[in-house]
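K.L.:
Could you have a look at this structure, given as structure tokens, before my questions?
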Amino acid sequence: MSVDRSVIRELETIVGAEHVRTDPGDVEPYSRDATPAFRAVPDAVAWPGTAEEVAAILKLATSRRVPVIPRGAGSNLCAATVAERGGIVVVLTRMDKILEVSADELLARVETGVSTAALADTAAAQGLLYAPDPGSRTVSTVGGNVAMCAGGLRGLKYGVTRNYVLGTTVVLPTGEIMKTGGRLWKDVAGYDLTRLLTGSEGTLGVLTELTVALLPMPATSNTGVAYFPTLADAGRAVDAIIGHGIVPATLEFLDAKCIGAVEQYARLGLRDDAGALLLFGDDGAQDVVDRNLERIGEQCTATGAMEVTLAENIARAQALLEARRCSLPALSRLGTMTILEDATVPRPRLAEMVDRIDAIAHAHDVPVATFGHAGDGNLHPTIVVDQHDDAAIKRAHEAFGEVFKAAISMDGTITGEHGVGAAKLPYLIDRLGADQMALLRRIKAAFDPAGILNPGKLGS
Amino acid sequence: MTAIGRDEPGAGTAAHGTGGHGHGGNIFDPELLDRCISCGFCLPACPTYALTKDEGSSPRGRITLMRALETGRLDPDDDRLRKEASFCLGCRACEPVCPAGVQYGHLLESWRDHQWRGRHRPPLAQVLMMVVERTPLVRLIGAVRRPARTRRPADGDVRTAGAGRAATNGRAPRPEQLTLMLGCFERGLFPGVSKAVQKLLPEISVPENQGCCGALHAHNGDSAGGVALAEKLGEELPGVIVTTAGGCAAHLAAVLGRDRVHELSEHLVKAGYEPVGEVTVDDGHGGRRRARVAIQDSCHLRNGLGVSAEPRALLGAVADFVPVAGDGSCCGSAGTYSLLRPRDARRVLDPKLDAVQTAGVDYVVAVNPGCLRQWQTGLARRKSRIRAVHLADLLAAAAAGRRLPTGLPIAARLPTVRLPSGMRVGRGFRLRKDAEAQNTDGWSA
Ligand SMILES: Cc1cc2nc3c(=O)[nH]c(=O)nc-3n(C[C@H](O)[C@H](O)[C@H](O)COP(=O)(O)OP(=O)(O)OC[C@H]3O[C@@H](n4cnc5c(N)ncnc54)[C@H](O)[C@@H]3O)c2cc1C
Ligand code: SF4
Ligand code: SF4
């Protein structure tokens with residue numbers, strides 16, 4: 001054990017013995033997140049209850065050179081919470097209070113361990129919208145969302161988590177408790193540390209409190225679905241929609257294999273003869289929503305849609321969105337190993353990218369299914385293989401290596417929203433180049449001179 | 001590369017920390033264990049995770065523990081493994097929310113088969129299992145407590161049962177055959193429930209000679225014994241078996257097939273039963289008003305068999321149905337759980353007691369005898385005026401124009417007797433009838 005007994009004793013003094021665990025069976029469940037091919041058992045798990053306790057833990061860790069891995073709900077998909085170098089997993093879920101929801105200021109203040117759905121529901125009860133909407137919203141914590149800069153199903157019109165973080169309380173690895181930003185929409189005093197911390201993947205500081213922006217709840221929303229002969233046709237429809245000045249809240253796509261998997265799981269009566277499905281949705285005033293959905297439908301028909309239907313009621317609209325949210329787990333039922341990627345390209349090149357992915361998969365003889373956020377050019381090509389078929393797994397990894405290269409060559413990126421973590425760190429240099437990698441390391445060192453916070457991830 | 005693998009460890013694994021112990025293996029069906037993709041969607045549904053906020057007490061964490069047991073990474077005698085195998089309620093709330101279709105209930109049975117083998121089984125569970133295995137003992141409980149019995153010559157029914165053994169094996173039951181299962185504990189604790197069913201379904205036969213369905217065994221580390229008992233009961237009870245215990249229904253259905261087993265509310269709705277009458281309570285101004293009624297789902301009925309709309313529809317026809325947040329989640333009864341882990345069972349029930357109190361209902365309806373007992377004990381402990389009743393009782397009372405008891409049950413009105421040594425005479429587990437409730441057989445605090 002790299003963490004010696006005296007460290008554990010100090011840890012117990014800080015958070016109370018009942019909030020520290022070191023026994024093998026107690027730490028085993030923290031050996032992984034939603035990225036199961038990565039696994040590493042931490043030496044200890046601690047549940048602090050206040051920012052001060054977090055600060056004391058980090059000071060201790062810095063002075064004793066012990067790795068600390070912040071953890072929310074452990075739902076990330078890039079091995080961002082795996083304790084590759086051992087150390088202490090610090091779980092934030094005890095700090096789950098919603099401190100304030102202000103309709104006048106259109107903001108909420110929360111502790112970081114609160115779940116995304118709890119924040120959204122509480123805001124909704126007051127007629128307010130917390131816009132970031134990751135597929136994992138019922139599970140994930142707001143702290144985890146901010147640390148990953150989570151995207152979601154409303155990105156096109158509403159942006160991603162980054163666009164809603166006004167201020168943070170952050171504890172630095174050296175123990176300082178600091179506030180960045182605040183309750184202001186306008187504030188240019190200093191570097192924008194709030195933005196830097198957003199998406200920092202638990203490598204720069206531990207977030208303990210967040211002030212996030214809310215919006216007035218749109219009066220109504222609706223969803224529709226269009227089926228296309230091929231995914232490339234759906235891609236052209238997306239271009240046409242946005243080209244005609246419509247920016248809907250949601251524009252998601254599923255290819256034929258995803259449609260089949262989702263239908264098998266959720267039984268929504270989706271068509272089984274289409275090459276692609278485009279799910280579109282908008283919110284706002286009733287007449288605006290009606291008009292926009294009608295115009296989207298027109299564009300879909302003009303670009304060759306086989307069928308366009310609008311959700312006839314709210315329950316049906318919810319069900320369609322749910323279908324998109326569950327596409328990853330539904331796909332995973334098809335095999336024993338699901339390899340999911342997150343490559344992103346400029347939106348007009350979506351159809352081109354989908355063709356490239358299909359060609360790459362074909363060349364490597366692996367079955368690929370792709371779904372994703374069409375409006376953001378964010379694709380989730382997914383390969384489902386047999387976990388015992390080493391050759392297929394190897395071919396899948398090679399195929400994805402080429403998918404990344406293709407994305408970068410099209411001015412895209414290796415990950416749009418799932419993050420880098422330990423899983424994609426080896427590919428990061430292809431995207432950023434050596435100079436930027438070096439700058440990232442210097443930034444990391446400025447925050448974390450001892451290199452104790454989530455080592456082996458961003459900035460390493 | 002983001003690999004959602006069901007194996008572990010896979011490519012990219014960093015093996016830090018304690019290594020394996022070289023035990024384990026062949027405990028779980030690998031197909032079932034492999035299904036979990038560790039997405040974490042089950043975390044918010046799990047009552048024990050809600051209590052602890054500790055991954056190890058969540059479905060995903062428990063599956064990680066099972067995998068560590070299977071691969072030998074954790075010692076089979078590991079404390080936490082042992083603790084979690086019994087701390088889990090077995091409520092299966094993690095199943096309907098799981099997008100990957102993990103059959104957690106089956107995994108838990110395999111886990112307990114292994115973890116509670118031989119001397120490791122909680123002694124109380126052992127005793128209960130021994131009792132219900134012996135049909136004469138179970139019948140004795142019935143003889144003392146007098147649950148429903150078919151008035152027509154009982155022998156005739158038993159013979160029908162004998163004939164049914166041959167007739168129904170592997171084939172669809174004849175439509176006219178309908179038998180009521182008398183739950184082992186229900187016939188002792190709530191004999192009035194089966195009598196109420198007879199009033200709702202006069203054609204139902206209630207063979208006296210029936211044993212236990214085996215759910216108790218299946219949930220307490222003897223799934224093979226659980227299957228054997230269910231098969232035996234399937235031979236004793238011909239045709240479609242109707243049960244008033246959601247937990248028994250799910251277990252029986254898993255062994256005998258879905259078609260042969262109907263939980264009461266499910267059967268009534270399928271059979272087109274139209275609830276009659278109304279349940280009313282004193283309106284405080286000398287008149288009567290329609291009762292406000294909440295429900296407690298049976299976990300296995302809801303999560304295992306997908307039956308939850310039926311009891312709501314039925315009770316909503318005779319009273320005002322009041323949806324209460326969390327009415328679909330476990331009450332802590334969880335089979336033998338409330339007996340084996342009373343403190344945890346109370347922690348699970350407490351927020352639910354708050355919720356019904358806030359909702360201001362008159363009754364909480366249960367569709368499983370264990371839940372009924374858990375609620376009655378919990379409400380009495382709080383000296384609440386809310387009463388817990390079985391759905392069968394509620395429907396029969398409405399149909400007969402009979403008033404259900406209201407207010408504090410007798411036992412809750414009694415002061416707790418303090419003995420000099422600090423021992424107390426508790427009022428938890430009681431077979432005594434309420435004086436006030438004489439007209440509805442089988443009410444107990
Ligand atoms: C089925 C499924 C669907 C998903 N859908 C989406 C989606 O649509 N869009 C999307 O973007 N993501 C999605 N994700 C990924 C994941 O849910 C998000 O990345 C989410 O933001 C992670 O939140 P968490 O609380 O689980 O964080 P964790 O997984 O616990 O942690 C993630 C990272 O944040 C750090 N961290 C956590 N809390 C703190 C804190 N308080 N301070 C500092 N660092 C912290 C950790 O160290 C780690 O690096 C999905 C995941 C699954 C399983
Ligand atoms: S929801 Fe299902 S697949 Fe996801 S972690 Fe829970 S059991 Fe595993
Ligand atoms: S059965 Fe119930 S208590 Fe056990 S893991 Fe599933 S949800 Fe939690």
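Chain identifiers are assigned as A, B, and so on, following the order in which chains appear in the structure tokens; residues are numbered from 1 within each chain, and ligands are numbered from 1 in order of appearance.
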Please determine the contact residues of chain A with respect to chain B at a cut-off of 6 Å, counting only C-alpha atoms, and supply them as a PDB file with C-alpha atoms, in the first residue's frame.
P.N.:
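Result written to out.pdb:
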```
ATOM      1  CA  GLY A  25     -14.151  -4.987  -0.088  1.00  0.00           C
ATOM      2  CA  PRO A  29     -16.417  -0.715  -5.833  1.00  0.00           C
ATOM      3  CA  ALA A  34     -18.566   3.616 -16.415  1.00  0.00           C
ATOM      4  CA  THR A  35     -15.404   2.711 -18.368  1.00  0.00           C
ATOM      5  CA  PRO A  36     -14.974  -0.884 -17.261  1.00  0.00           C
ATOM      6  CA  ALA A  37     -11.998  -1.922 -19.325  1.00  0.00           C
ATOM      7  CA  PHE A  38     -10.059   0.329 -16.981  1.00  0.00           C
ATOM      8  CA  ARG A  39      -9.741  -0.776 -13.430  1.00  0.00           C
ATOM      9  CA  ALA A  40      -7.460   0.115 -10.551  1.00  0.00           C
ATOM     10  CA  VAL A  41      -8.083  -0.262  -6.852  1.00  0.00           C
ATOM     11  CA  CYS A  78     -13.111   7.956 -20.242  1.00  0.00           C
ATOM     12  CA  GLU A  84      -4.246   4.365 -11.882  1.00  0.00           C
ATOM     13  CA  VAL A 139     -27.071   9.634 -12.244  1.00  0.00           C
ATOM     14  CA  PRO A 329     -26.990   0.952 -23.229  1.00  0.00           C
ATOM     15  CA  ARG A 333     -27.070  -5.442 -25.308  1.00  0.00           C
ATOM     16  CA  THR A 336     -20.276  -8.403 -24.711  1.00  0.00           C
ATOM     17  CA  MET A 337     -17.941  -5.504 -25.397  1.00  0.00           C
ATOM     18  CA  THR A 338     -19.109  -2.118 -26.567  1.00  0.00           C
ATOM     19  CA  ILE A 339     -16.469   0.329 -27.697  1.00  0.00           C
ATOM     20  CA  LEU A 340     -17.869   3.814 -27.964  1.00  0.00           C
ATOM     21  CA  ALA A 423      -8.620   6.496 -21.856  1.00  0.00           C
ATOM     22  CA  LYS A 424      -7.828   9.104 -24.481  1.00  0.00           C
TER      23      LYS A 424
END
```
K.L.:
Residues within 6 Å of ligand 3, counting only C-alpha atoms and all ligand atoms: report them as a count of residues only.
P.N.:
13
K.L.:
Could you list, as a PyMOL selection string, all the residues within 6 Å of ligand 1, counting only C-alpha atoms and all ligand atoms?
P.N.:
(chain A and resi 34+69-77+80-81+92+112+134-136+140-141+143-145+147-148+150-152+201-202+205-208+417-418) or (chain B and resi 39)
K.L.:
What lies within 12 Å of Gly377 (chain A) using only C-alpha atoms, ignoring chain neighbours under 3 positions off, as a PyMOL selection string?
P.N.:
chain A and resi 155-156+235+238-239+251-253+342-354+371-374+380+407+410-413+415-417
K.L.:
Measuring atom to atom with only C-alpha atoms, identify which of B:Leu305, B:Leu182, B:Leu189, B:Leu233 is nearest to Pro96 (chain B).
P.N.:
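Closest to Pro96 (chain B) of all the choices is B:Leu305.
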K.L.:
When you draw a straight line from CA of Arg325 (chain A) to CA of Thr138 (chain A), how long is it in Å?
P.N.:
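If I compute the distance from CA of Arg325 (chain A) to CA of Thr138 (chain A), I get 11.0 Å.
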K.L.:
Can you list, as a list in words, every residue of region 242-323 of chain A that DSSP puts in strand (DSSP E or B)?
P.N.:
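Listing strand (DSSP E or B) positions across region 242-323 of chain A yields Thr250, Leu251, Glu252, Phe253, Leu254, Asp255, Ala276, Leu277, Leu278, Leu279, Phe280, Gly281, Asp282, Asp283, Gly284, Glu307, Val308, Thr309 and Leu310 of chain A.
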K.L.:
Could those residues be written to a file, using all heavy atoms, as a short mmCIF file (atom, residue, chain, number, x, y, z; two decimals), in the first residue's frame?
P.N.:
```cif
data_model
loop_
_atom_site.label_atom_id
_atom_site.label_comp_id
_atom_site.auth_asym_id
_atom_site.auth_seq_id
_atom_site.Cartn_x
_atom_site.Cartn_y
_atom_site.Cartn_z
N THR A 250 -33.02 20.43 -30.23
CA THR A 250 -32.52 19.07 -30.33
C THR A 250 -32.47 18.60 -31.78
O THR A 250 -33.43 18.79 -32.52
CB THR A 250 -33.44 18.12 -29.52
OG1 THR A 250 -33.41 18.51 -28.17
CG2 THR A 250 -32.99 16.67 -29.65
N LEU A 251 -31.36 18.04 -32.17
CA LEU A 251 -31.24 17.41 -33.49
C LEU A 251 -30.33 16.20 -33.31
O LEU A 251 -29.11 16.33 -33.32
CB LEU A 251 -30.60 18.37 -34.50
CG LEU A 251 -31.46 19.10 -35.50
CD1 LEU A 251 -30.57 19.85 -36.48
CD2 LEU A 251 -32.40 18.16 -36.25
N GLU A 252 -30.92 15.04 -33.09
CA GLU A 252 -30.15 13.85 -32.78
C GLU A 252 -30.35 12.83 -33.87
O GLU A 252 -31.40 12.79 -34.50
CB GLU A 252 -30.64 13.26 -31.45
CG GLU A 252 -30.53 14.22 -30.27
CD GLU A 252 -29.10 14.41 -29.82
OE1 GLU A 252 -28.39 13.40 -29.70
OE2 GLU A 252 -28.70 15.57 -29.60
N PHE A 253 -29.35 12.00 -34.08
CA PHE A 253 -29.55 10.97 -35.11
C PHE A 253 -29.19 9.58 -34.60
O PHE A 253 -28.37 9.43 -33.68
CB PHE A 253 -28.74 11.29 -36.37
CG PHE A 253 -27.26 11.07 -36.20
CD1 PHE A 253 -26.67 9.87 -36.59
CD2 PHE A 253 -26.46 12.06 -35.66
CE1 PHE A 253 -25.31 9.66 -36.42
CE2 PHE A 253 -25.11 11.86 -35.50
CZ PHE A 253 -24.53 10.66 -35.88
N LEU A 254 -29.82 8.61 -35.18
CA LEU A 254 -29.52 7.20 -34.93
C LEU A 254 -29.39 6.52 -36.29
O LEU A 254 -30.18 6.81 -37.19
CB LEU A 254 -30.68 6.51 -34.19
CG LEU A 254 -30.76 6.56 -32.66
CD1 LEU A 254 -30.99 7.98 -32.19
CD2 LEU A 254 -31.88 5.67 -32.17
N ASP A 255 -28.41 5.64 -36.44
CA ASP A 255 -28.37 4.89 -37.69
C ASP A 255 -29.21 3.62 -37.56
O ASP A 255 -29.81 3.36 -36.51
CB ASP A 255 -26.93 4.60 -38.12
CG ASP A 255 -26.27 3.51 -37.30
OD1 ASP A 255 -26.91 2.97 -36.37
OD2 ASP A 255 -25.09 3.19 -37.59
N ALA A 276 -31.63 5.69 -41.37
CA ALA A 276 -31.30 6.64 -40.32
C ALA A 276 -32.57 7.30 -39.80
O ALA A 276 -33.58 7.39 -40.50
CB ALA A 276 -30.34 7.71 -40.82
N LEU A 277 -32.47 7.74 -38.58
CA LEU A 277 -33.58 8.43 -37.94
C LEU A 277 -33.05 9.77 -37.43
O LEU A 277 -31.96 9.83 -36.86
CB LEU A 277 -34.08 7.55 -36.80
CG LEU A 277 -35.16 8.00 -35.83
CD1 LEU A 277 -35.71 6.77 -35.14
CD2 LEU A 277 -34.64 8.96 -34.78
N LEU A 278 -33.81 10.81 -37.68
CA LEU A 278 -33.44 12.12 -37.15
C LEU A 278 -34.51 12.51 -36.14
O LEU A 278 -35.70 12.53 -36.46
CB LEU A 278 -33.37 13.14 -38.29
CG LEU A 278 -32.67 14.46 -37.98
CD1 LEU A 278 -31.20 14.23 -37.66
CD2 LEU A 278 -32.80 15.40 -39.19
N LEU A 279 -34.07 12.77 -34.92
CA LEU A 279 -34.99 13.18 -33.88
C LEU A 279 -34.82 14.69 -33.73
O LEU A 279 -33.71 15.16 -33.50
CB LEU A 279 -34.60 12.46 -32.59
CG LEU A 279 -35.47 12.67 -31.38
CD1 LEU A 279 -36.80 11.96 -31.58
CD2 LEU A 279 -34.77 12.10 -30.15
N PHE A 280 -35.90 15.43 -33.90
CA PHE A 280 -35.76 16.88 -33.77
C PHE A 280 -36.76 17.39 -32.74
O PHE A 280 -37.84 16.82 -32.56
CB PHE A 280 -35.94 17.58 -35.11
CG PHE A 280 -37.19 17.19 -35.86
CD1 PHE A 280 -38.39 17.87 -35.65
CD2 PHE A 280 -37.17 16.15 -36.77
CE1 PHE A 280 -39.54 17.51 -36.35
CE2 PHE A 280 -38.31 15.78 -37.47
CZ PHE A 280 -39.50 16.47 -37.25
N GLY A 281 -36.36 18.44 -32.06
CA GLY A 281 -37.26 18.97 -31.05
C GLY A 281 -36.96 20.43 -30.84
O GLY A 281 -35.85 20.90 -31.06
N ASP A 282 -37.99 21.14 -30.42
CA ASP A 282 -37.76 22.55 -30.09
C ASP A 282 -38.64 22.94 -28.93
O ASP A 282 -39.62 22.25 -28.60
CB ASP A 282 -38.03 23.44 -31.31
CG ASP A 282 -37.32 24.79 -31.18
OD1 ASP A 282 -36.45 24.91 -30.28
OD2 ASP A 282 -37.62 25.71 -31.95
N ASP A 283 -38.30 24.04 -28.30
CA ASP A 283 -39.11 24.53 -27.20
C ASP A 283 -39.25 26.03 -27.31
O ASP A 283 -38.48 26.69 -28.01
CB ASP A 283 -38.51 24.11 -25.85
CG ASP A 283 -37.05 24.51 -25.72
OD1 ASP A 283 -36.59 25.36 -26.50
OD2 ASP A 283 -36.38 23.98 -24.82
N GLY A 284 -40.24 26.58 -26.64
CA GLY A 284 -40.52 28.01 -26.69
C GLY A 284 -42.02 28.23 -26.71
O GLY A 284 -42.78 27.38 -26.26
N GLU A 307 -40.38 9.53 -44.21
CA GLU A 307 -41.56 9.78 -43.38
C GLU A 307 -41.19 10.81 -42.32
O GLU A 307 -40.09 10.80 -41.80
CB GLU A 307 -41.98 8.46 -42.69
CG GLU A 307 -43.21 8.60 -41.81
CD GLU A 307 -43.43 7.35 -40.94
OE1 GLU A 307 -43.08 6.24 -41.38
OE2 GLU A 307 -43.95 7.51 -39.83
N VAL A 308 -42.11 11.71 -42.04
CA VAL A 308 -41.91 12.68 -40.96
C VAL A 308 -43.14 12.65 -40.07
O VAL A 308 -44.25 12.76 -40.56
CB VAL A 308 -41.73 14.12 -41.52
CG1 VAL A 308 -41.51 15.10 -40.38
CG2 VAL A 308 -40.59 14.19 -42.52
N THR A 309 -42.94 12.48 -38.76
CA THR A 309 -44.09 12.53 -37.84
C THR A 309 -43.74 13.37 -36.62
O THR A 309 -42.61 13.39 -36.17
CB THR A 309 -44.48 11.14 -37.27
OG1 THR A 309 -43.35 10.28 -37.35
CG2 THR A 309 -45.66 10.56 -37.97
N LEU A 310 -44.75 14.05 -36.11
CA LEU A 310 -44.58 14.81 -34.88
C LEU A 310 -45.17 14.01 -33.73
O LEU A 310 -46.14 13.27 -33.91
CB LEU A 310 -45.30 16.15 -34.98
CG LEU A 310 -44.81 17.09 -36.07
CD1 LEU A 310 -45.46 18.45 -35.92
CD2 LEU A 310 -43.29 17.23 -36.02
#
```
K.L.:
Which residues, written as a list of chain:residue names, have at least one atom at most 8 Å from region 162-166 of chain A, with only C-alpha atoms counted and residues fewer than 3 positions away on the same chain left out?
P.N.:
A:Ala131, A:Pro132, A:Val146, A:Cys149, A:Ala150, A:Gly159, A:Gly181, A:Gly182, A:Arg183, A:Leu184, A:Trp185, A:Thr194, A:Arg195, A:Thr198, A:Gly199, A:Leu210, A:Thr211, A:Val212, A:Ala213, A:Leu214
K.L.:
Keeping N, CA and C atoms for every residue in the selection just given, could you write it to a file as an mmCIF file, in the first residue's frame?
P.N.:
```cif
data_model
loop_
_atom_site.group_PDB
_atom_site.id
_atom_site.type_symbol
_atom_site.label_atom_id
_atom_site.label_comp_id
_atom_site.auth_asym_id
_atom_site.auth_seq_id
_atom_site.Cartn_x
_atom_site.Cartn_y
_atom_site.Cartn_z
ATOM 1 N N ALA A 131 -30.388 24.059 -18.326
ATOM 2 C CA ALA A 131 -30.355 23.577 -19.707
ATOM 3 C C ALA A 131 -29.457 22.364 -19.968
ATOM 4 N N PRO A 132 -28.262 22.257 -19.380
ATOM 5 C CA PRO A 132 -27.416 21.106 -19.736
ATOM 6 C C PRO A 132 -28.134 19.780 -19.421
ATOM 7 N N VAL A 146 -19.624 19.617 -14.575
ATOM 8 C CA VAL A 146 -18.774 20.790 -14.790
ATOM 9 C C VAL A 146 -17.326 20.339 -15.019
ATOM 10 N N CYS A 149 -17.291 19.197 -18.431
ATOM 11 C CA CYS A 149 -17.995 20.045 -19.387
ATOM 12 C C CYS A 149 -18.966 19.205 -20.214
ATOM 13 N N ALA A 150 -19.885 18.567 -19.512
ATOM 14 C CA ALA A 150 -20.792 17.633 -20.175
ATOM 15 C C ALA A 150 -21.660 18.342 -21.201
ATOM 16 N N GLY A 159 -26.188 25.239 -26.039
ATOM 17 C CA GLY A 159 -24.790 25.091 -25.662
ATOM 18 C C GLY A 159 -24.607 23.942 -24.688
ATOM 19 N N GLY A 181 -15.246 33.644 -10.359
ATOM 20 C CA GLY A 181 -16.511 34.147 -10.902
ATOM 21 C C GLY A 181 -17.459 34.473 -9.768
ATOM 22 N N GLY A 182 -18.759 34.290 -10.006
ATOM 23 C CA GLY A 182 -19.729 34.600 -8.964
ATOM 24 C C GLY A 182 -21.123 34.607 -9.531
ATOM 25 N N ARG A 183 -21.870 35.663 -9.192
ATOM 26 C CA ARG A 183 -23.264 35.716 -9.624
ATOM 27 C C ARG A 183 -23.441 36.609 -10.839
ATOM 28 N N LEU A 184 -22.356 36.933 -11.503
ATOM 29 C CA LEU A 184 -22.409 37.931 -12.567
ATOM 30 C C LEU A 184 -22.317 37.315 -13.956
ATOM 31 N N TRP A 185 -23.070 37.885 -14.868
ATOM 32 C CA TRP A 185 -22.929 37.477 -16.262
ATOM 33 C C TRP A 185 -21.751 38.206 -16.900
ATOM 34 N N THR A 194 -12.910 30.296 -14.139
ATOM 35 C CA THR A 194 -14.119 29.475 -14.106
ATOM 36 C C THR A 194 -14.173 28.584 -15.344
ATOM 37 N N ARG A 195 -13.881 29.176 -16.477
ATOM 38 C CA ARG A 195 -13.881 28.394 -17.719
ATOM 39 C C ARG A 195 -12.749 27.372 -17.751
ATOM 40 N N THR A 198 -13.782 24.465 -15.805
ATOM 41 C CA THR A 198 -14.827 23.696 -16.472
ATOM 42 C C THR A 198 -14.174 22.805 -17.519
ATOM 43 N N GLY A 199 -14.324 21.500 -17.339
ATOM 44 C CA GLY A 199 -13.668 20.568 -18.247
ATOM 45 C C GLY A 199 -12.265 20.199 -17.804
ATOM 46 N N LEU A 210 -21.031 25.459 -6.770
ATOM 47 C CA LEU A 210 -21.151 26.028 -8.102
ATOM 48 C C LEU A 210 -22.324 26.980 -8.159
ATOM 49 N N THR A 211 -22.152 28.057 -8.889
ATOM 50 C CA THR A 211 -23.278 28.922 -9.204
ATOM 51 C C THR A 211 -23.548 28.740 -10.688
ATOM 52 N N VAL A 212 -24.757 28.299 -11.019
ATOM 53 C CA VAL A 212 -25.058 28.016 -12.424
ATOM 54 C C VAL A 212 -26.222 28.869 -12.897
ATOM 55 N N ALA A 213 -26.202 29.170 -14.180
ATOM 56 C CA ALA A 213 -27.251 30.008 -14.755
ATOM 57 C C ALA A 213 -28.471 29.176 -15.103
ATOM 58 N N LEU A 214 -29.637 29.755 -14.876
ATOM 59 C CA LEU A 214 -30.897 29.114 -15.246
ATOM 60 C C LEU A 214 -31.576 29.978 -16.298
#
```
